[in-house]
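**Student:** Got a structure for you, questions after.
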Amino acid sequence: MTKFNLPSMNTIATLFMALSLAACQQAATAETKQDNQLDSQQATFKAPKKVQTAVTNTIDIKVFYLDRSQLPPSAELKVILEDVSKTDTKSEIVASRTFVLETAPPYSVSLSVDKTKIKPSRQYSVRANIRKDGELLYTSTMRHDPFATQTPIQIKLSKVERRANTEHKVPNAQFLNTYWKAIQLNGQVIELNSGDRELFIQMKAGN
């Protein structure tokens with residue numbers, strides 16, 4: 001008859017502790033992996049969005065005219081920012097905004113400009129005009145620096161006199177002692193820089 005030696009109580013206790021420790025380590029490893037996966041998912045969903053830098057600039061403008069003429073209904077005010085660097089070609093429009101006028105002047109305008117279109121080496125000017133069904137009623141005659149420190153930019157409009165139909169009529173206007181200001185030349189609005197004298201013709205006795 002074969003005899004088996006039973007392990008001692010100390011051996012059984014040591015073996016039990018070893019098995020328990022291995023089970024705890026496996027559970028801890030599984031829990032750590034689960035936490036890492038959860039953290040990875042949270043990081044994926046909570047990643048901060050990139051904040052885009054604003055690429056627009058706002059120019060504040062006040063447009064006015066001095067005479068008390070009443071504008072016709074649905075007259076439109078147009079404010080234009082343009083590149084006037086080249087004198088031998090037509091100016092390039094950088095930004096513009098058009099409004100239907102319902103009140104008397106002055107008119108406050110905020111013109112949004114794409115910064116990427118502004119080049120430090122170029123020259124820019126802002127102007128304004130009022131039209132009704134395409135007919136020019138008022139226009140600015142001076143160049144205005146859109147990036148001047150003074151805000152809002154003050155743009156004064158001059159009234160454009162309508163051309164009277166003089167066909168088959170004998171003119172009877174008196175030209176003596178009259179003053180004629182040049183506003184347009186060859187269909188183009190005359191714009192003056194700050195400090196320039198306006199173009200005019202004055203009829204005096206003896207001329």
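Just so we're on the same page: first chain in the structure tokens is A, next is B, and so on; residues restart at 1 for each chain, and ligands are numbered from 1 in the order they show up.
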May I have the residues within 10 Å of Asn193 (chain A) as a PyMOL selection string, using only C-alpha atoms and disregarding those fewer than 4 positions away in the same chain?

**Tutor:** chain A and resi 125+141-145+197-198

**Student:** Any chance you could export the current selection's all heavy atoms as a PDB file, in the first residue's frame?

**Tutor:**
```
ATOM      1  N   SER A 125      -7.757 104.023 -50.274  1.00  0.00           N
ATOM      2  CA  SER A 125      -8.636 105.161 -50.052  1.00  0.00           C
ATOM      3  C   SER A 125     -10.060 104.653 -49.893  1.00  0.00           C
ATOM      4  O   SER A 125     -10.439 103.635 -50.484  1.00  0.00           O
ATOM      5  CB  SER A 125      -8.557 106.143 -51.223  1.00  0.00           C
ATOM      6  OG  SER A 125      -9.465 107.223 -51.044  1.00  0.00           O
ATOM      7  N   THR A 141     -15.309 113.775 -52.996  1.00  0.00           N
ATOM      8  CA  THR A 141     -14.315 114.292 -53.932  1.00  0.00           C
ATOM      9  C   THR A 141     -12.916 114.306 -53.332  1.00  0.00           C
ATOM     10  O   THR A 141     -11.982 114.751 -53.996  1.00  0.00           O
ATOM     11  CB  THR A 141     -14.686 115.718 -54.368  1.00  0.00           C
ATOM     12  OG1 THR A 141     -14.781 116.558 -53.204  1.00  0.00           O
ATOM     13  CG2 THR A 141     -16.017 115.727 -55.108  1.00  0.00           C
ATOM     14  N   MET A 142     -12.761 113.838 -52.111  1.00  0.00           N
ATOM     15  CA  MET A 142     -11.456 113.802 -51.447  1.00  0.00           C
ATOM     16  C   MET A 142     -11.070 112.362 -51.173  1.00  0.00           C
ATOM     17  O   MET A 142     -11.923 111.498 -50.975  1.00  0.00           O
ATOM     18  CB  MET A 142     -11.507 114.578 -50.123  1.00  0.00           C
ATOM     19  CG  MET A 142     -11.873 116.042 -50.268  1.00  0.00           C
ATOM     20  SD  MET A 142     -10.532 117.043 -50.932  1.00  0.00           S
ATOM     21  CE  MET A 142      -9.373 116.990 -49.576  1.00  0.00           C
ATOM     22  N   ARG A 143      -9.758 112.127 -51.146  1.00  0.00           N
ATOM     23  CA  ARG A 143      -9.270 110.817 -50.726  1.00  0.00           C
ATOM     24  C   ARG A 143      -9.195 110.771 -49.206  1.00  0.00           C
ATOM     25  O   ARG A 143      -8.765 111.719 -48.569  1.00  0.00           O
ATOM     26  CB  ARG A 143      -7.895 110.539 -51.326  1.00  0.00           C
ATOM     27  CG  ARG A 143      -7.930 110.183 -52.799  1.00  0.00           C
ATOM     28  CD  ARG A 143      -6.576 109.704 -53.275  1.00  0.00           C
ATOM     29  NE  ARG A 143      -6.613 109.294 -54.671  1.00  0.00           N
ATOM     30  CZ  ARG A 143      -5.574 108.824 -55.336  1.00  0.00           C
ATOM     31  NH1 ARG A 143      -4.402 108.693 -54.724  1.00  0.00           N
ATOM     32  NH2 ARG A 143      -5.682 108.478 -56.607  1.00  0.00           N
ATOM     33  N   HIS A 144      -9.597 109.634 -48.656  1.00  0.00           N
ATOM     34  CA  HIS A 144      -9.604 109.465 -47.206  1.00  0.00           C
ATOM     35  C   HIS A 144      -8.805 108.217 -46.846  1.00  0.00           C
ATOM     36  O   HIS A 144      -9.083 107.124 -47.364  1.00  0.00           O
ATOM     37  CB  HIS A 144     -11.031 109.348 -46.679  1.00  0.00           C
ATOM     38  CG  HIS A 144     -11.878 110.553 -46.944  1.00  0.00           C
ATOM     39  ND1 HIS A 144     -11.932 111.627 -46.082  1.00  0.00           N
ATOM     40  CD2 HIS A 144     -12.683 110.863 -47.999  1.00  0.00           C
ATOM     41  CE1 HIS A 144     -12.746 112.546 -46.578  1.00  0.00           C
ATOM     42  NE2 HIS A 144     -13.222 112.102 -47.746  1.00  0.00           N
ATOM     43  N   ASP A 145      -7.849 108.383 -45.947  1.00  0.00           N
ATOM     44  CA  ASP A 145      -7.031 107.257 -45.504  1.00  0.00           C
ATOM     45  C   ASP A 145      -7.884 106.342 -44.626  1.00  0.00           C
ATOM     46  O   ASP A 145      -8.341 106.756 -43.559  1.00  0.00           O
ATOM     47  CB  ASP A 145      -5.820 107.775 -44.721  1.00  0.00           C
ATOM     48  CG  ASP A 145      -4.901 106.648 -44.251  1.00  0.00           C
ATOM     49  OD1 ASP A 145      -5.160 105.470 -44.590  1.00  0.00           O
ATOM     50  OD2 ASP A 145      -3.912 106.950 -43.545  1.00  0.00           O
ATOM     51  N   ARG A 197      -5.807 121.659 -53.742  1.00  0.00           N
ATOM     52  CA  ARG A 197      -6.842 122.635 -54.066  1.00  0.00           C
ATOM     53  C   ARG A 197      -7.801 122.031 -55.073  1.00  0.00           C
ATOM     54  O   ARG A 197      -7.414 121.301 -55.969  1.00  0.00           O
ATOM     55  CB  ARG A 197      -6.210 123.909 -54.626  1.00  0.00           C
ATOM     56  CG  ARG A 197      -5.286 124.631 -53.644  1.00  0.00           C
ATOM     57  CD  ARG A 197      -4.735 125.904 -54.264  1.00  0.00           C
ATOM     58  NE  ARG A 197      -5.815 126.833 -54.627  1.00  0.00           N
ATOM     59  CZ  ARG A 197      -5.602 127.994 -55.255  1.00  0.00           C
ATOM     60  NH1 ARG A 197      -4.372 128.344 -55.610  1.00  0.00           N
ATOM     61  NH2 ARG A 197      -6.622 128.781 -55.551  1.00  0.00           N
ATOM     62  N   GLU A 198      -9.080 122.342 -54.912  1.00  0.00           N
ATOM     63  CA  GLU A 198     -10.062 121.815 -55.830  1.00  0.00           C
ATOM     64  C   GLU A 198      -9.947 122.487 -57.194  1.00  0.00           C
ATOM     65  O   GLU A 198      -9.512 123.638 -57.311  1.00  0.00           O
ATOM     66  CB  GLU A 198     -11.463 121.999 -55.270  1.00  0.00           C
ATOM     67  CG  GLU A 198     -11.880 123.449 -55.081  1.00  0.00           C
ATOM     68  CD  GLU A 198     -13.227 123.557 -54.412  1.00  0.00           C
ATOM     69  OE1 GLU A 198     -13.693 122.565 -53.853  1.00  0.00           O
ATOM     70  OE2 GLU A 198     -13.824 124.659 -54.456  1.00  0.00           O
TER      71      GLU A 198
END
```

**Student:** So how many Å separate CA of Ile183 (chain A) and CA of Thr139 (chain A), to one decimal?

**Tutor:**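 Those two atoms sit 8.6 Å apart.
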
**Student:** Could you list, as a PyMOL selection string, every residue within 8 Å of region 126-130 of chain A, counting only C-alpha atoms and ignoring same-chain residues fewer than 3 positions away?

**Tutor:** chain A and resi 63+75-82+136-140+142-146+155+157

**Student:** Can you spit out the residues from that selection as a PDB file, in the first residue's frame, using C-alpha atoms?

**Tutor:**
```pdb
ATOM      1  CA  VAL A  63     -20.974 109.924 -44.287  1.00  0.00           C
ATOM      2  CA  ALA A  75     -31.759 106.042 -52.817  1.00  0.00           C
ATOM      3  CA  GLU A  76     -28.674 103.935 -52.056  1.00  0.00           C
ATOM      4  CA  LEU A  77     -25.482 104.808 -50.217  1.00  0.00           C
ATOM      5  CA  LYS A  78     -22.384 102.890 -51.275  1.00  0.00           C
ATOM      6  CA  VAL A  79     -19.115 102.952 -49.320  1.00  0.00           C
ATOM      7  CA  ILE A  80     -16.030 101.640 -51.107  1.00  0.00           C
ATOM      8  CA  LEU A  81     -12.497 100.764 -49.996  1.00  0.00           C
ATOM      9  CA  GLU A  82     -10.149 100.622 -52.969  1.00  0.00           C
ATOM     10  CA  LEU A 136     -25.213 109.639 -59.315  1.00  0.00           C
ATOM     11  CA  LEU A 137     -26.702 112.146 -56.846  1.00  0.00           C
ATOM     12  CA  TYR A 138     -23.882 112.717 -54.336  1.00  0.00           C
ATOM     13  CA  THR A 139     -20.224 111.728 -54.311  1.00  0.00           C
ATOM     14  CA  SER A 140     -17.093 112.283 -52.264  1.00  0.00           C
ATOM     15  CA  MET A 142     -11.456 113.802 -51.447  1.00  0.00           C
ATOM     16  CA  ARG A 143      -9.270 110.817 -50.726  1.00  0.00           C
ATOM     17  CA  HIS A 144      -9.604 109.465 -47.206  1.00  0.00           C
ATOM     18  CA  ASP A 145      -7.031 107.257 -45.504  1.00  0.00           C
ATOM     19  CA  PRO A 146      -8.960 104.202 -44.255  1.00  0.00           C
ATOM     20  CA  ILE A 155     -16.614 111.583 -45.567  1.00  0.00           C
ATOM     21  CA  LEU A 157     -20.418 114.277 -50.072  1.00  0.00           C
TER      22      LEU A 157
END
```

**Student:** What is the CA of Asp67 (chain A)-CA of Pro105 (chain A) distance in Å, reported with one decimal?

**Tutor:**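 Computing it gives 10.1 Å between the two atoms.
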
**Student:** If I take CA of Asp88 (chain A) and CA of Val189 (chain A), how far is one from the other in Å, to one decimal?

**Tutor:**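 A separation of 15.0 Å between them.
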
**Student:** Show me, as a ChimeraX atom specification, the residues that have an atom within 8 Å of Leu111 (chain A) when counting only C-alpha atoms, minus same-chain residues fewer than 6 positions from it.

**Tutor:** /A:58-61,79,95-97

**Student:** From the list A:Pro120, A:Pro72, A:Pro106, A:Gly134, which residue is nearest Gln154 (chain A) when using only C-alpha atoms?

**Tutor:**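 Looking at the shortest contact to Gln154 (chain A), the residue is A:Pro106.
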